[in-house]
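Have a look at the structure below, then the notes.
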Amino acid sequence: TQTPSIILETRGLTKDFKGFTAIKDVNVQVQTGHIHALIGPNGAGKTTFFNLLTKFLTPTAGRIFYDGNDITRHRPAEIAQHGLIRSFQISAVFPHLSARENVRIALQRKLGVSYHFWRPIRVLDQLNEEAQHLLEQVGLGEFADTKAVELAYGRKRALEIATTIALKPRLMLLDEPTQGMSAEDVSTVTDLIRRVVEGRTVVMVEHNLNVVSTLADRITVLSRGEVLAEGDYDTVSTNPAVMEAYMGT
Ligand code: ADP
C-alpha cells in the first residue's frame, strides 16, 4: 500500500501566553484530500491552534510543515500564494460590492491583477463569466448582482466559499463555517462544503458535532491544549476520555 501524502504537519507545536500554555506539543498530520476537523471543549486551544496554522500567531516552540516545507516563520501572504487559504473572514468580503464583483476581485487577486487598473473589456468579460460560474456552483447564481451586505447570513457564507475557491486553494482552512447559523443554514452550508471541497483538502474548526460527523474524514480532539484523541468520528466519539472531556463543559 502507498503511504498517504501529508500536506500539512505540525511537530511539537506549542504556544504560551505569559506562562499559560494554550497549545502544548501538538503533533497533527493532515492527509491530502481529507476534511480534517479540530474539535474540543471550550478553552481546548482550537482557536489558538488555528491561528498558528494561519500564521496569525507565532508558536513558542515547534514547527509547521506545508507540502514538506517548513513554513513556521513564513508570513500569511507567502503561504497564501502557495495555496494555503483561510476562509470565513467576513471582513474579506467587500460589503458594498455585488456578489459577482467580490468573486471577480478574488479571481483577479489570484491572477495578480490589481482591480484598480483598467483592464481590457475582454479580460473583464472572461473574469465575470468565471465569477458567474463559481456563484452558480455555490447556489448564488441568481444573486450575482446583489450587494454582499444585502445577502442573508447563510448566503454570505456561500459567497465567502466562492471567493475562497476563486483563489484556487490546495488547502482550505475553515474557521467554524456554521457558527451562528440557523439549523436550515447549517444543513445548506454543510451540503455546500461537501460539494465544493471535493478533491481539495480542508482543515476546519467546528463546534457542531453533527457537521463534523457528516463532513470530517479525520478528527483531532484537543483538550487543555493537548491532543486527546484522533481518528474518524466513530472512533473519537466513543472514546471515554473524549466523552469525559465534553461532559465537563
Ligand atoms: P478554544 O478555541 O478551543 O475555545 P482557545 O484557543 O480560544 O480555545 O483558548 C485556549 C486557552 O488559551 C484558553 O484558556 C484561553 O483563555 C487562552 N488564551 C487564548 N488566547 C489568549 C491570549 N491572547 N492571551 C492569554 N490567554 C489566551
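By convention here, the chains of the C-alpha cells are called A, B, ... in the order presented, each chain's residues are numbered starting at 1, and ligands are numbered starting at 1 in the order presented.
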
Ligand 1: which residues are within 10 Å, counting only C-alpha atoms and all ligand atoms? Reply as number ranges by chain.
A: 15-23, 38-52, 57, 205-207, 221-225

File of the preceding selection, C-alpha atoms, as a compact mmCIF listing (two decimals), in the first residue's frame:
```txt
# COMPACT_ATOMS: atom_id res chain seq x y z
CA LYS A 15 2.05 28.31 22.28
CA ASP A 16 2.50 30.01 25.63
CA PHE A 17 0.66 33.14 26.65
CA LYS A 18 2.61 34.69 29.52
CA GLY A 19 3.27 31.38 31.22
CA PHE A 20 -0.07 29.81 30.30
CA THR A 21 0.35 27.02 27.76
CA ALA A 22 -2.63 27.16 25.37
CA ILE A 23 -1.15 24.62 22.94
CA LEU A 38 -10.44 20.08 15.03
CA ILE A 39 -12.84 19.74 17.90
CA GLY A 40 -12.68 20.02 21.67
CA PRO A 41 -14.44 21.66 24.58
CA ASN A 42 -14.28 25.41 25.17
CA GLY A 43 -10.80 26.58 26.02
CA ALA A 44 -9.23 23.46 24.47
CA GLY A 45 -6.95 25.58 22.29
CA LYS A 46 -8.69 25.17 18.92
CA THR A 47 -8.63 28.84 18.03
CA THR A 48 -5.03 29.20 19.14
CA PHE A 49 -4.01 26.17 17.07
CA PHE A 50 -5.89 27.50 14.06
CA ASN A 51 -4.27 30.91 14.43
CA LEU A 52 -0.87 29.21 14.49
CA LEU A 57 0.13 33.78 15.87
CA VAL A 205 -12.57 24.12 13.44
CA GLU A 206 -16.20 23.27 14.07
CA HIS A 207 -18.31 23.14 17.21
CA VAL A 221 -9.76 16.23 19.58
CA LEU A 222 -7.97 18.86 21.63
CA SER A 223 -8.36 19.24 25.36
CA ARG A 224 -6.40 21.61 27.58
CA GLY A 225 -4.07 22.34 24.71
```

Based on the backbone DSSP call, show me all residues of segment 52-199 of chain A assigned strand (DSSP E or B), as a PDB file with C-alpha atoms, in the first residue's frame.
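Output saved as selection04.pdb:
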```pdb
ATOM      1  CA  ALA A  61       8.076  26.124  20.013  1.00  0.00           C
ATOM      2  CA  GLY A  62       7.574  23.501  17.346  1.00  0.00           C
ATOM      3  CA  ARG A  63       7.300  23.540  13.600  1.00  0.00           C
ATOM      4  CA  ILE A  64       4.695  23.626  10.845  1.00  0.00           C
ATOM      5  CA  PHE A  65       5.304  21.912   7.530  1.00  0.00           C
ATOM      6  CA  TYR A  66       3.225  22.525   4.421  1.00  0.00           C
ATOM      7  CA  ASN A  69       8.414  22.825   3.556  1.00  0.00           C
ATOM      8  CA  ASP A  70       8.962  24.388   6.933  1.00  0.00           C
ATOM      9  CA  LEU A  84      -2.920  27.643   1.882  1.00  0.00           C
ATOM     10  CA  ILE A  85      -6.021  29.803   2.176  1.00  0.00           C
ATOM     11  CA  ARG A  86      -8.083  30.761   5.170  1.00  0.00           C
ATOM     12  CA  SER A  87     -11.780  31.286   4.648  1.00  0.00           C
ATOM     13  CA  SER A  98     -22.012  42.762  -5.663  1.00  0.00           C
ATOM     14  CA  LYS A 147     -24.551  43.527  -2.807  1.00  0.00           C
ATOM     15  CA  LEU A 171      -5.636  23.561   1.440  1.00  0.00           C
ATOM     16  CA  MET A 172      -8.626  25.453   2.806  1.00  0.00           C
ATOM     17  CA  LEU A 173      -8.720  26.466   6.436  1.00  0.00           C
ATOM     18  CA  LEU A 174     -12.288  26.927   7.613  1.00  0.00           C
ATOM     19  CA  ASP A 175     -12.949  28.606  10.911  1.00  0.00           C
TER      20      ASP A 175
END
```

Can you pull out every residue within 8 Å of segment 188-202 of chain A, counting only C-alpha atoms, but drop anything in the same chain fewer than 2 positions away, and send it as an mmCIF file with C-alpha atoms, in the first residue's frame?
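Below you can see around-v4.cif, which holds the result:
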```
data_model
loop_
_atom_site.group_PDB
_atom_site.id
_atom_site.type_symbol
_atom_site.label_atom_id
_atom_site.label_comp_id
_atom_site.auth_asym_id
_atom_site.auth_seq_id
_atom_site.Cartn_x
_atom_site.Cartn_y
_atom_site.Cartn_z
ATOM 1 C CA GLN A 31 -3.684 13.920 4.707
ATOM 2 C CA THR A 32 -4.155 15.288 1.192
ATOM 3 C CA GLY A 33 -7.797 15.088 0.142
ATOM 4 C CA HIS A 34 -9.157 14.829 3.656
ATOM 5 C CA ILE A 35 -11.540 17.042 5.544
ATOM 6 C CA HIS A 36 -9.765 17.188 8.876
ATOM 7 C CA GLN A 137 -21.599 26.342 -8.036
ATOM 8 C CA VAL A 138 -22.360 27.703 -4.587
ATOM 9 C CA GLY A 154 -26.070 31.691 5.014
ATOM 10 C CA ARG A 157 -21.052 32.332 3.828
ATOM 11 C CA ALA A 158 -21.682 30.780 0.422
ATOM 12 C CA PRO A 169 -6.711 26.735 -2.674
ATOM 13 C CA ARG A 170 -4.835 23.494 -2.232
ATOM 14 C CA LEU A 171 -5.636 23.561 1.440
ATOM 15 C CA MET A 172 -8.626 25.453 2.806
ATOM 16 C CA LEU A 173 -8.720 26.466 6.436
ATOM 17 C CA LEU A 174 -12.288 26.927 7.613
ATOM 18 C CA PRO A 177 -18.183 27.527 8.990
ATOM 19 C CA THR A 178 -21.590 27.071 10.614
ATOM 20 C CA GLU A 184 -31.553 25.273 7.975
ATOM 21 C CA ASP A 185 -28.480 27.303 7.050
ATOM 22 C CA VAL A 186 -26.259 24.744 8.798
ATOM 23 C CA MET A 204 -11.750 23.093 9.925
ATOM 24 C CA VAL A 211 -21.482 18.846 10.930
ATOM 25 C CA THR A 214 -21.168 14.481 8.268
ATOM 26 C CA LEU A 215 -18.070 16.075 6.793
#
```

>> Excluding Asp234 of chain A and its own-chain neighbours fewer than 3 positions away, which residues fall within 12 Å of it when counting only C-alpha atoms? Please give them as JSON, numbers by chain.
In response: {"A": [209, 212, 213, 214, 216, 217, 218, 219, 229, 230, 231, 237, 238, 239, 240, 242]}

Only N, CA and C atoms, please: the residues just picked out, written as a short mmCIF file (atom, residue, chain, number, x, y, z; two decimals), in the first residue's frame.
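The new file out.cif reads:
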```cif
data_model
loop_
_atom_site.label_atom_id
_atom_site.label_comp_id
_atom_site.auth_asym_id
_atom_site.auth_seq_id
_atom_site.Cartn_x
_atom_site.Cartn_y
_atom_site.Cartn_z
N LEU A 209 -21.16 19.07 16.26
CA LEU A 209 -20.69 17.70 16.06
C LEU A 209 -21.45 16.99 14.94
N VAL A 212 -19.51 17.89 11.93
CA VAL A 212 -18.25 17.14 11.94
C VAL A 212 -18.48 15.69 11.52
N SER A 213 -19.55 15.09 12.05
CA SER A 213 -19.79 13.68 11.72
C SER A 213 -20.15 13.53 10.25
N THR A 214 -20.80 14.54 9.68
CA THR A 214 -21.17 14.48 8.27
C THR A 214 -19.97 14.69 7.36
N ALA A 216 -16.32 15.24 8.26
CA ALA A 216 -14.90 15.00 8.52
C ALA A 216 -14.45 13.57 8.22
N ASP A 217 -13.33 13.45 7.52
CA ASP A 217 -12.70 12.15 7.32
C ASP A 217 -11.86 11.78 8.55
N ARG A 218 -11.32 12.81 9.15
CA ARG A 218 -10.46 12.58 10.31
C ARG A 218 -10.65 13.73 11.31
N ILE A 219 -10.57 13.37 12.57
CA ILE A 219 -10.84 14.35 13.62
C ILE A 219 -9.72 14.32 14.65
N ALA A 229 -7.41 12.75 21.45
CA ALA A 229 -7.74 11.59 20.63
C ALA A 229 -7.70 11.98 19.17
N GLU A 230 -7.57 10.99 18.31
CA GLU A 230 -7.59 11.25 16.88
C GLU A 230 -8.14 10.02 16.16
N GLY A 231 -8.87 10.27 15.08
CA GLY A 231 -9.42 9.16 14.32
C GLY A 231 -10.66 9.60 13.58
N SER A 237 -15.76 9.57 18.91
CA SER A 237 -16.99 9.85 19.67
C SER A 237 -17.29 8.76 20.69
N THR A 238 -16.64 7.60 20.55
CA THR A 238 -16.86 6.54 21.53
C THR A 238 -15.69 6.42 22.50
N ASN A 239 -14.73 7.34 22.36
CA ASN A 239 -13.56 7.32 23.23
C ASN A 239 -13.95 7.87 24.62
N PRO A 240 -13.78 7.08 25.67
CA PRO A 240 -14.21 7.52 27.00
C PRO A 240 -13.58 8.84 27.44
N VAL A 242 -12.72 11.31 25.57
CA VAL A 242 -13.36 12.39 24.83
C VAL A 242 -14.73 12.68 25.46
#
```

Of A:Asn210, A:Thr54, A:Thr163, A:Thr146, the one sitting nearest Arg104 of chain A when using only C-alpha atoms is A:Thr163

Next item on the list: From a DSSP calculation on the backbone, collect every residue of segment 10-195 of chain A in helix (DSSP H, G or I) and output the set as a ChimeraX atom specification.
Entry: /A:46-53,76-81,90-92,99-111,121-137,141-143,148-150,153-166,183-195
